[in-house]
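Novice: Below is the file start.pdb, which contains PDB, C-alpha atoms.
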ATOM      1  CA  MET A 146      63.507 101.644  61.796
ATOM      2  CA  LYS A 147      63.597 104.025  58.857
ATOM      3  CA  VAL A 148      61.324 107.041  58.323
ATOM      4  CA  THR A 149      60.775 108.575  54.887
ATOM      5  CA  LEU A 150      58.866 111.777  54.194
ATOM      6  CA  LEU A 151      56.933 111.094  51.008
ATOM      7  CA  GLY A 152      54.995 114.354  50.813
ATOM      8  CA  THR A 153      55.746 117.450  52.886
ATOM      9  CA  GLY A 154      53.218 119.842  51.406
ATOM     10  CA  CYS A 155      49.708 120.998  52.202
ATOM     11  CA  PRO A 156      46.492 121.598  50.233
ATOM     12  CA  GLN A 157      48.355 124.183  48.127
ATOM     13  CA  CYS A 158      49.487 122.703  44.816
ATOM     14  CA  HIS A 159      53.277 122.547  44.630
ATOM     15  CA  THR A 160      55.633 120.793  42.224
ATOM     16  CA  LYS A 161      58.238 119.846  44.856
ATOM     17  CA  ARG A 162      56.088 119.305  47.935
ATOM     18  CA  TYR A 163      53.402 116.697  47.335
ATOM     19  CA  GLY A 164      50.494 115.992  49.673
ATOM     20  CA  PRO A 165      51.142 114.823  53.250
ATOM     21  CA  ALA A 166      52.355 111.243  53.569
ATOM     22  CA  SER A 167      55.137 109.391  55.387
ATOM     23  CA  LEU A 168      56.533 105.880  55.284
ATOM     24  CA  VAL A 169      57.892 103.740  58.129
ATOM     25  CA  ARG A 170      59.942 100.632  57.358
ATOM     26  CA  HIS A 171      61.403  98.122  59.779
ATOM     27  CA  GLY A 172      62.543  94.661  58.821
ATOM     28  CA  ALA A 173      59.965  93.319  56.384
ATOM     29  CA  ALA A 174      57.229  95.707  57.581
ATOM     30  CA  SER A 175      56.197  98.847  55.705
ATOM     31  CA  VAL A 176      53.483 101.245  56.882
ATOM     32  CA  LEU A 177      52.121 104.300  55.093
ATOM     33  CA  ILE A 178      50.901 107.268  57.124
ATOM     34  CA  ASP A 179      48.332 109.325  55.227
ATOM     35  CA  CYS A 180      47.665 109.348  51.530
ATOM     36  CA  GLY A 181      48.095 112.836  50.115
ATOM     37  CA  SER A 182      48.294 113.764  46.450
ATOM     38  CA  GLY A 183      51.106 112.059  44.559
ATOM     39  CA  VAL A 184      51.692 109.409  47.203
ATOM     40  CA  THR A 185      51.787 106.496  44.753
ATOM     41  CA  GLN A 186      54.582 108.136  42.783
ATOM     42  CA  ARG A 187      56.502 108.990  45.945
ATOM     43  CA  LEU A 188      56.198 105.398  47.197
ATOM     44  CA  VAL A 189      57.798 104.170  43.986
ATOM     45  CA  GLY A 190      60.478 106.840  44.376
ATOM     46  CA  ALA A 191      61.174 105.561  47.882
ATOM     47  CA  GLY A 192      61.550 101.995  46.601
ATOM     48  CA  CYS A 193      58.386 100.793  48.305
ATOM     49  CA  PRO A 194      55.472 100.523  45.848
ATOM     50  CA  GLY A 195      52.059 100.648  47.470
ATOM     51  CA  GLY A 196      51.291  97.094  46.386
ATOM     52  CA  GLY A 197      53.589  95.833  49.133
ATOM     53  CA  LEU A 198      52.327  97.897  52.068
ATOM     54  CA  ASP A 199      51.329  96.128  55.268
ATOM     55  CA  ALA A 200      49.030  98.915  56.419
ATOM     56  CA  VAL A 201      47.803 102.411  55.628
ATOM     57  CA  LEU A 202      47.203 104.635  58.673
ATOM     58  CA  LEU A 203      45.070 107.754  58.299
ATOM     59  CA  THR A 204      45.611 110.441  60.912
ATOM     60  CA  HIS A 205      42.247 112.088  60.199
ATOM     61  CA  LEU A 206      39.749 112.562  57.405
ATOM     62  CA  HIS A 207      40.817 115.876  55.916
ATOM     63  CA  SER A 208      40.930 115.615  52.134
ATOM     64  CA  ASP A 209      44.612 116.512  51.746
ATOM     65  CA  HIS A 210      45.500 113.461  53.856
ATOM     66  CA  LEU A 211      43.497 110.899  51.870
ATOM     67  CA  VAL A 212      42.802 112.316  48.415
ATOM     68  CA  ASP A 213      44.884 109.645  46.614
ATOM     69  CA  LEU A 214      43.515 106.666  48.509
ATOM     70  CA  TYR A 215      41.670 105.232  45.525
ATOM     71  CA  GLN A 216      44.731 105.697  43.334
ATOM     72  CA  LEU A 217      46.726 103.748  45.937
ATOM     73  CA  ILE A 218      44.249 100.874  45.668
ATOM     74  CA  VAL A 219      44.321 100.939  41.850
ATOM     75  CA  SER A 220      48.101 101.119  41.628
ATOM     76  CA  GLY A 221      48.495  98.365  44.217
ATOM     77  CA  TRP A 222      46.435  96.086  42.026
ATOM     78  CA  HIS A 223      48.587  97.010  39.040
ATOM     79  CA  GLN A 224      51.618  96.123  41.182
ATOM     80  CA  ASN A 225      50.199  92.609  41.635
ATOM     81  CA  ARG A 226      48.921  93.049  45.158
ATOM     82  CA  LYS A 227      47.207  89.816  46.148
ATOM     83  CA  VAL A 228      45.414  90.905  49.315
ATOM     84  CA  PRO A 229      43.089  93.827  50.116
ATOM     85  CA  GLN A 230      44.691  97.129  51.043
ATOM     86  CA  ARG A 231      44.482  97.300  54.833
ATOM     87  CA  ILE A 232      43.358 100.771  55.939
ATOM     88  CA  TYR A 233      43.273 101.986  59.538
ATOM     89  CA  GLY A 234      41.421 105.210  60.171
ATOM     90  CA  PRO A 235      39.368 107.042  62.794
ATOM     91  CA  LYS A 236      35.592 106.889  63.078
ATOM     92  CA  GLY A 237      34.039 107.595  59.686
ATOM     93  CA  THR A 238      36.747 105.870  57.644
ATOM     94  CA  ARG A 239      34.649 102.815  56.817
ATOM     95  CA  ALA A 240      31.823 104.922  55.397
ATOM     96  CA  PHE A 241      34.326 106.989  53.431
ATOM     97  CA  VAL A 242      36.075 103.953  51.905
ATOM     98  CA  ASP A 243      32.789 102.182  51.168
ATOM     99  CA  GLY A 244      31.549 105.315  49.409
ATOM    100  CA  LEU A 245      34.810 105.664  47.484
ATOM    101  CA  LEU A 246      34.693 102.093  46.243
ATOM    102  CA  ASP A 247      31.011 102.425  45.395
ATOM    103  CA  LEU A 248      31.689 105.596  43.422
ATOM    104  CA  TRP A 249      34.167 103.744  41.223
ATOM    105  CA  LYS A 250      32.486 100.328  41.190
ATOM    106  CA  ASP A 251      31.513 100.363  37.494
ATOM    107  CA  GLU A 252      34.982 101.490  36.406
ATOM    108  CA  ARG A 253      36.571  98.915  38.685
ATOM    109  CA  ALA A 254      34.390  96.091  37.378
ATOM    110  CA  LEU A 255      35.168  97.084  33.798
ATOM    111  CA  ARG A 256      38.904  97.114  34.482
ATOM    112  CA  MET A 257      38.885  93.725  36.175
ATOM    113  CA  ALA A 258      36.781  92.110  33.455
ATOM    114  CA  HIS A 259      38.805  93.557  30.595
ATOM    115  CA  GLU A 260      42.344  93.405  31.964
ATOM    116  CA  ARG A 261      41.963  89.854  33.316
ATOM    117  CA  ARG A 262      44.692  90.090  35.911
ATOM    118  CA  PRO A 263      45.229  86.926  37.973
ATOM    119  CA  HIS A 264      44.329  88.541  41.304
ATOM    120  CA  THR A 265      41.337  90.705  42.185
ATOM    121  CA  ALA A 266      41.607  90.925  45.994
ATOM    122  CA  GLY A 267      44.244  93.629  45.638
ATOM    123  CA  PHE A 268      41.622  95.879  44.062
ATOM    124  CA  THR A 269      39.670  95.947  47.321
ATOM    125  CA  ALA A 270      40.151  97.363  50.798
ATOM    126  CA  GLU A 271      39.611  96.294  54.389
ATOM    127  CA  VAL A 272      38.995  98.991  56.981
ATOM    128  CA  VAL A 273      39.737  98.999  60.700
ATOM    129  CA  GLU A 274      38.445 102.009  62.626
ATOM    130  CA  TYR A 275      40.523 102.910  65.651
ATOM    131  CA  GLY A 276      40.564 105.160  68.692
ATOM    132  CA  GLU A 277      43.263 106.129  71.145
ATOM    133  CA  GLY A 278      45.577 103.359  72.310
ATOM    134  CA  PRO A 279      47.292 100.289  70.785
ATOM    135  CA  LEU A 280      46.562 100.221  67.079
ATOM    136  CA  LEU A 281      48.694  97.803  65.110
ATOM    137  CA  GLU A 282      51.188  95.016  65.647
ATOM    138  CA  LEU A 283      53.440  93.736  62.889
ATOM    139  CA  PRO A 284      56.542  91.528  63.131
ATOM    140  CA  GLY A 285      59.041  93.597  65.119
ATOM    141  CA  LEU A 286      56.873  96.726  65.108
ATOM    142  CA  THR A 287      53.977  98.131  67.150
ATOM    143  CA  VAL A 288      51.950 101.309  66.698
ATOM    144  CA  GLU A 289      49.998 103.355  69.235
ATOM    145  CA  ALA A 290      47.459 106.059  68.347
ATOM    146  CA  VAL A 291      47.471 109.326  70.300
ATOM    147  CA  ARG A 292      44.534 111.726  70.142
ATOM    148  CA  VAL A 293      45.746 115.204  69.168
ATOM    149  CA  ASP A 294      44.109 118.627  69.107
ATOM    150  CA  HIS A 295      42.927 119.551  65.620
ATOM    151  CA  GLU A 296      39.590 121.088  66.553
ATOM    152  CA  PRO A 297      37.053 121.378  65.046
ATOM    153  CA  VAL A 298      38.092 117.947  63.704
ATOM    154  CA  LYS A 299      37.094 115.652  66.548
ATOM    155  CA  GLU A 300      38.874 112.484  65.435
ATOM    156  CA  ALA A 301      42.517 113.389  64.787
ATOM    157  CA  TYR A 302      45.507 111.319  65.837
ATOM    158  CA  GLY A 303      49.259 111.094  65.939
ATOM    159  CA  PHE A 304      51.208 107.843  66.127
ATOM    160  CA  VAL A 305      54.083 106.339  68.077
ATOM    161  CA  PHE A 306      55.992 103.483  66.413
ATOM    162  CA  ARG A 307      58.140 101.166  68.542
ATOM    163  CA  ALA A 308      60.491  98.650  66.975
ATOM    164  CA  ASP A 309      62.019  95.547  68.505
ATOM    165  CA  ASP A 310      65.494  97.126  68.241
ATOM    166  CA  GLY A 311      64.395  99.736  70.784
ATOM    167  CA  THR A 312      63.953 102.604  68.333
ATOM    168  CA  VAL A 313      60.920 104.902  68.584
ATOM    169  CA  ALA A 314      59.398 107.249  65.995
ATOM    170  CA  ALA A 315      56.541 109.649  66.730
ATOM    171  CA  PHE A 316      54.285 111.458  64.256
ATOM    172  CA  SER A 317      52.205 114.486  65.144
ATOM    173  CA  GLY A 318      49.526 114.255  62.487
ATOM    174  CA  ASP A 319      47.705 117.578  62.212
ATOM    175  CA  THR A 320      47.530 119.349  65.563
ATOM    176  CA  ARG A 321      47.982 122.593  67.413
ATOM    177  CA  TYR A 322      50.427 122.546  70.352
ATOM    178  CA  CYS A 323      49.354 119.367  72.157
ATOM    179  CA  GLU A 324      50.497 118.205  75.589
ATOM    180  CA  ALA A 325      49.192 114.691  74.976
ATOM    181  CA  LEU A 326      51.427 114.359  71.930
ATOM    182  CA  ILE A 327      54.419 115.722  73.839
ATOM    183  CA  ALA A 328      53.872 113.134  76.573
ATOM    184  CA  ALA A 329      53.477 110.282  74.090
ATOM    185  CA  ALA A 330      56.557 111.323  72.080
ATOM    186  CA  ARG A 331      58.803 111.918  75.095
ATOM    187  CA  GLY A 332      62.255 110.451  74.490
ATOM    188  CA  ALA A 333      61.479 109.320  70.937
ATOM    189  CA  ASP A 334      64.432 108.943  68.595
ATOM    190  CA  VAL A 335      62.644 111.032  65.996
ATOM    191  CA  LEU A 336      59.563 113.234  65.975
ATOM    192  CA  VAL A 337      57.961 114.033  62.617
ATOM    193  CA  HIS A 338      55.945 117.175  63.199
ATOM    194  CA  GLU A 339      53.793 119.505  61.105
ATOM    195  CA  CYS A 340      54.652 123.198  60.850
ATOM    196  CA  PHE A 341      52.591 126.312  60.107
ATOM    197  CA  ILE A 342      55.025 129.092  59.227
ATOM    198  CA  HIS A 343      53.450 131.965  61.092
ATOM    199  CA  GLY A 344      53.254 135.368  59.447
ATOM    200  CA  LEU A 345      53.893 134.352  55.827
ATOM    201  CA  MET A 346      50.307 134.127  54.672
ATOM    202  CA  LYS A 347      48.818 137.544  54.055
ATOM    203  CA  PRO A 348      45.266 138.634  53.279
ATOM    204  CA  VAL A 349      44.470 138.861  49.564
ATOM    205  CA  PRO A 350      41.261 140.644  48.577
ATOM    206  CA  GLY A 351      38.801 138.185  47.130
ATOM    207  CA  VAL A 352      41.063 135.230  47.981
ATOM    208  CA  ARG A 353      41.626 135.051  51.741
ATOM    209  CA  THR A 354      41.012 137.185  54.785
ATOM    210  CA  GLN A 355      43.006 137.623  57.976
ATOM    211  CA  GLU A 356      40.174 135.891  59.785
ATOM    212  CA  GLY A 357      40.559 132.877  57.510
ATOM    213  CA  ILE A 358      44.342 132.806  57.948
ATOM    214  CA  ASP A 359      43.941 132.924  61.722
ATOM    215  CA  ALA A 360      41.437 130.083  61.550
ATOM    216  CA  VAL A 361      43.888 127.871  59.650
ATOM    217  CA  ALA A 362      46.701 128.749  62.062
ATOM    218  CA  SER A 363      44.506 127.962  65.059
ATOM    219  CA  TYR A 364      44.492 124.209  64.483
ATOM    220  CA  HIS A 365      48.106 123.792  63.436
ATOM    221  CA  THR A 366      51.394 124.087  65.325
ATOM    222  CA  LEU A 367      53.114 127.397  64.636
ATOM    223  CA  SER A 368      56.750 127.621  63.583
ATOM    224  CA  ALA A 369      57.347 129.541  66.824
ATOM    225  CA  GLU A 370      56.045 126.556  68.815
ATOM    226  CA  VAL A 371      57.393 123.452  67.128
ATOM    227  CA  GLY A 372      60.902 123.799  68.600
ATOM    228  CA  LYS A 373      59.360 124.033  72.069
ATOM    229  CA  VAL A 374      57.419 120.834  71.384
ATOM    230  CA  ALA A 375      60.624 118.979  70.466
ATOM    231  CA  ARG A 376      62.452 120.359  73.489
ATOM    232  CA  GLU A 377      59.685 119.491  75.925
ATOM    233  CA  ALA A 378      59.399 115.998  74.474
ATOM    234  CA  ALA A 379      63.205 115.605  74.669
ATOM    235  CA  VAL A 380      63.338 113.893  71.291
ATOM    236  CA  GLY A 381      66.580 112.867  69.651
ATOM    237  CA  PHE A 382      65.809 114.347  66.244
ATOM    238  CA  LEU A 383      63.073 116.575  64.820
ATOM    239  CA  MET A 384      61.842 116.290  61.220
ATOM    240  CA  LEU A 385      59.529 119.071  60.112
ATOM    241  CA  ASN A 386      56.903 118.333  57.493
ATOM    242  CA  HIS A 387      53.431 119.316  56.204
ATOM    243  CA  PHE A 388      54.444 122.937  55.717
ATOM    244  CA  VAL A 389      51.854 125.687  55.446
ATOM    245  CA  PRO A 390      52.534 127.533  53.217
ATOM    246  CA  ALA A 391      54.634 125.335  50.932
ATOM    247  CA  GLU A 392      57.037 128.166  50.029
ATOM    248  CA  PHE A 393      59.089 129.778  52.805
ATOM    249  CA  ASP A 394      62.532 131.015  53.861
ATOM    250  CA  ARG A 395      64.374 127.913  55.076
ATOM    251  CA  GLU A 396      67.049 129.834  56.971
ATOM    252  CA  ALA A 397      64.481 131.951  58.797
ATOM    253  CA  LEU A 398      62.514 128.840  59.781
ATOM    254  CA  ALA A 399      65.665 127.057  60.946
ATOM    255  CA  ALA A 400      66.613 130.015  63.137
ATOM    256  CA  GLU A 401      63.137 130.092  64.643
ATOM    257  CA  VAL A 402      63.229 126.390  65.525
ATOM    258  CA  ALA A 403      66.824 126.499  66.803
ATOM    259  CA  ALA A 404      65.899 129.273  69.236
ATOM    260  CA  ASP A 405      63.926 126.706  71.237
ATOM    261  CA  PHE A 406      65.415 123.329  70.336
ATOM    262  CA  ALA A 407      69.132 122.678  70.727
ATOM    263  CA  GLY A 408      69.014 119.210  69.226
ATOM    264  CA  PRO A 409      69.410 118.204  65.579
ATOM    265  CA  PHE A 410      66.521 118.838  63.230
ATOM    266  CA  ALA A 411      65.730 118.786  59.530
ATOM    267  CA  ILE A 412      63.467 120.938  57.425
ATOM    268  CA  GLY A 413      61.815 118.101  55.575
ATOM    269  CA  GLU A 414      61.765 117.582  51.835
ATOM    270  CA  ASP A 415      59.905 114.994  49.807
ATOM    271  CA  LEU A 416      61.779 111.647  49.825
ATOM    272  CA  MET A 417      64.048 112.636  52.711
ATOM    273  CA  SER A 418      64.796 109.595  54.901
ATOM    274  CA  TYR A 419      66.121 109.144  58.406
ATOM    275  CA  ASP A 420      67.577 105.788  59.453
ATOM    276  CA  ILE A 421      67.334 105.722  63.231
ATOM    277  CA  PRO A 422      69.914 103.028  64.127
ATOM    278  CA  THR A 423      72.664 104.688  62.078
ATOM    279  CA  ARG A 424      71.425 108.253  62.703
ATOM    280  CA  SER A 425      71.849 108.981  59.039
ATOM    281  CA  LEU A 426      69.780 111.392  56.973
ATOM    282  CA  THR A 427      69.550 111.077  53.208
ATOM    283  CA  HIS A 428      67.917 113.131  50.477
ATOM    284  CA  GLY A 429      68.721 112.469  46.866
ATOM    285  CA  ASP A 430      72.497 112.100  46.611
ATOM    286  CA  ALA A 431      73.107 113.922  49.892
ATOM    287  CA  HIS A 432      73.901 111.975  53.056
ATOM    288  CA  TRP A 433      74.504 113.208  56.600
ATOM    289  CA  ARG A 434      75.565 111.408  59.760
ATOM    290  CA  LEU A 435      74.038 113.118  62.781
ATOM    291  CA  GLY A 436      76.256 113.595  65.809
ATOM    292  CA  VAL A 437      75.843 111.258  68.768
TER     293      VAL A 437
END
As structure tokens, how would this structure be written, given the file I've shared?

Specialist:
Amino acid sequence: MKVTLLGTGCPQCHTKRYGPASLVRHGAASVLIDCGSGVTQRLVGAGCPGGGLDAVLLTHLHSDHLVDLYQLIVSGWHQNRKVPQRIYGPKGTRAFVDGLLDLWKDERALRMAHERRPHTAGFTAEVVEYGEGPLLELPGLTVEAVRVDHEPVKEAYGFVFRADDGTVAAFSGDTRYCEALIAAARGADVLVHECFIHGLMKPVPGVRTQEGIDAVASYHTLSAEVGKVAREAAVGFLMLNHFVPAEFDREALAAEVAADFAGPFAIGEDLMSYDIPTRSLTHGDAHWRLGV
């Protein structure tokens, strides 16, 4: 199983960290987790255009995690997708997707009539709403949904992927420190976890208050906590992603995480990949082999 971070950013606009999204590939299966801004470009950059995805999993319905969903559907059609985009999301996803498609129905009809592409099913979507428990089964790959703590968002989930070669990958989604996630991820080969870098965001008159900063921090996992999560879950490798804010001191963050987690970890970057069987990490031209 191979995990690729497509977008490691947050709602802040950033030229190097696109919106939150990750990709899991195993055998012939490819699954997208979340659909943040720029995801269609990042999928192409990862060598896995959205037209070939087996499933799209949404962790929750915050805008930064699904803002490019319609673009994914459009680009999939342009990439000759022959079947509807299969979207799995929590309660409310069906209404959201139906509304999205309805919003663009005239534009979509005009495109299909004028461009005369041989397939139209790829310009549609099928939605499966899920709750906690077994979620998806593909050849050689299963996915379980784990409810996480992202209050006041009631329906927020992480995922655990299990492959037929015995490898396991866990994803936190958006959550504060969450014992249920730790239990579900225990012993995973890799944990992809969000990270709120505590103390960097400061009040700015007329822009943000300390109360607002504290509110954002309250439903994310702090940089002072994420190493503890990895340690308690006894994971083989930790990949940090979905950074708030998008700009930070990498060395300071690494020291903070290493104070609690003695295992290997990576401060994620867009298009960074981890191949679990070979324990190799790649980003651009750089390649690392993690110690056994």

Novice: Enumerate, as a list in words, the residues matched when the PyMOL selection byres ((chain A and resi 189) around 12) is run on the file above.

Specialist: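 So the PyMOL selection byres ((chain A and resi 189) around 12), applied here, picks out Leu151, Leu168, Gly183, Val184, Thr185, Gln186, Arg187, Leu188, Gly190, Ala191, Gly192, Cys193, Pro194, Gly195, Gly196, Gly197, Leu198, Leu217, Ser220, Gly221, Gln224 and Leu416 of chain A.
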
Novice: If you apply the PyMOL selection byres ((chain A and resi 175) around 6) to this file, what residues do you get, as a short mmCIF file (atom, residue, chain, number, x, y, z; two decimals) with C-alpha atoms, in the frame of the given file?

Specialist:
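Result saved to part_9.cif:
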data_model
loop_
_atom_site.label_atom_id
_atom_site.label_comp_id
_atom_site.auth_asym_id
_atom_site.auth_seq_id
_atom_site.Cartn_x
_atom_site.Cartn_y
_atom_site.Cartn_z
CA VAL A 169 57.89 103.74 58.13
CA ARG A 170 59.94 100.63 57.36
CA ALA A 174 57.23 95.71 57.58
CA VAL A 176 53.48 101.24 56.88
CA LEU A 198 52.33 97.90 52.07
CA ASP A 199 51.33 96.13 55.27
#

Novice: With a distance cut-off of 8 Å and only C-alpha atoms, select the neighbouring residues of segment 273-275 of chain A, excluding the residue or stretch itself and same-chain residues fewer than 5 positions from it, and output the selection as a PyMOL selection string.

Specialist: chain A and resi 231-239+280

Novice: What is the distance between atom CA of Leu150 of chain A and atom CA of His387 of chain A, in Å to one decimal?

Specialist: 9.5 Å

Novice: One number please: atom CA of Phe304 of chain A to atom CA of Gly318 of chain A, in Å, one decimal.

Specialist: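 Computing the Euclidean distance for atom CA of Phe304 of chain A and atom CA of Gly318 of chain A yields 7.6 Å.
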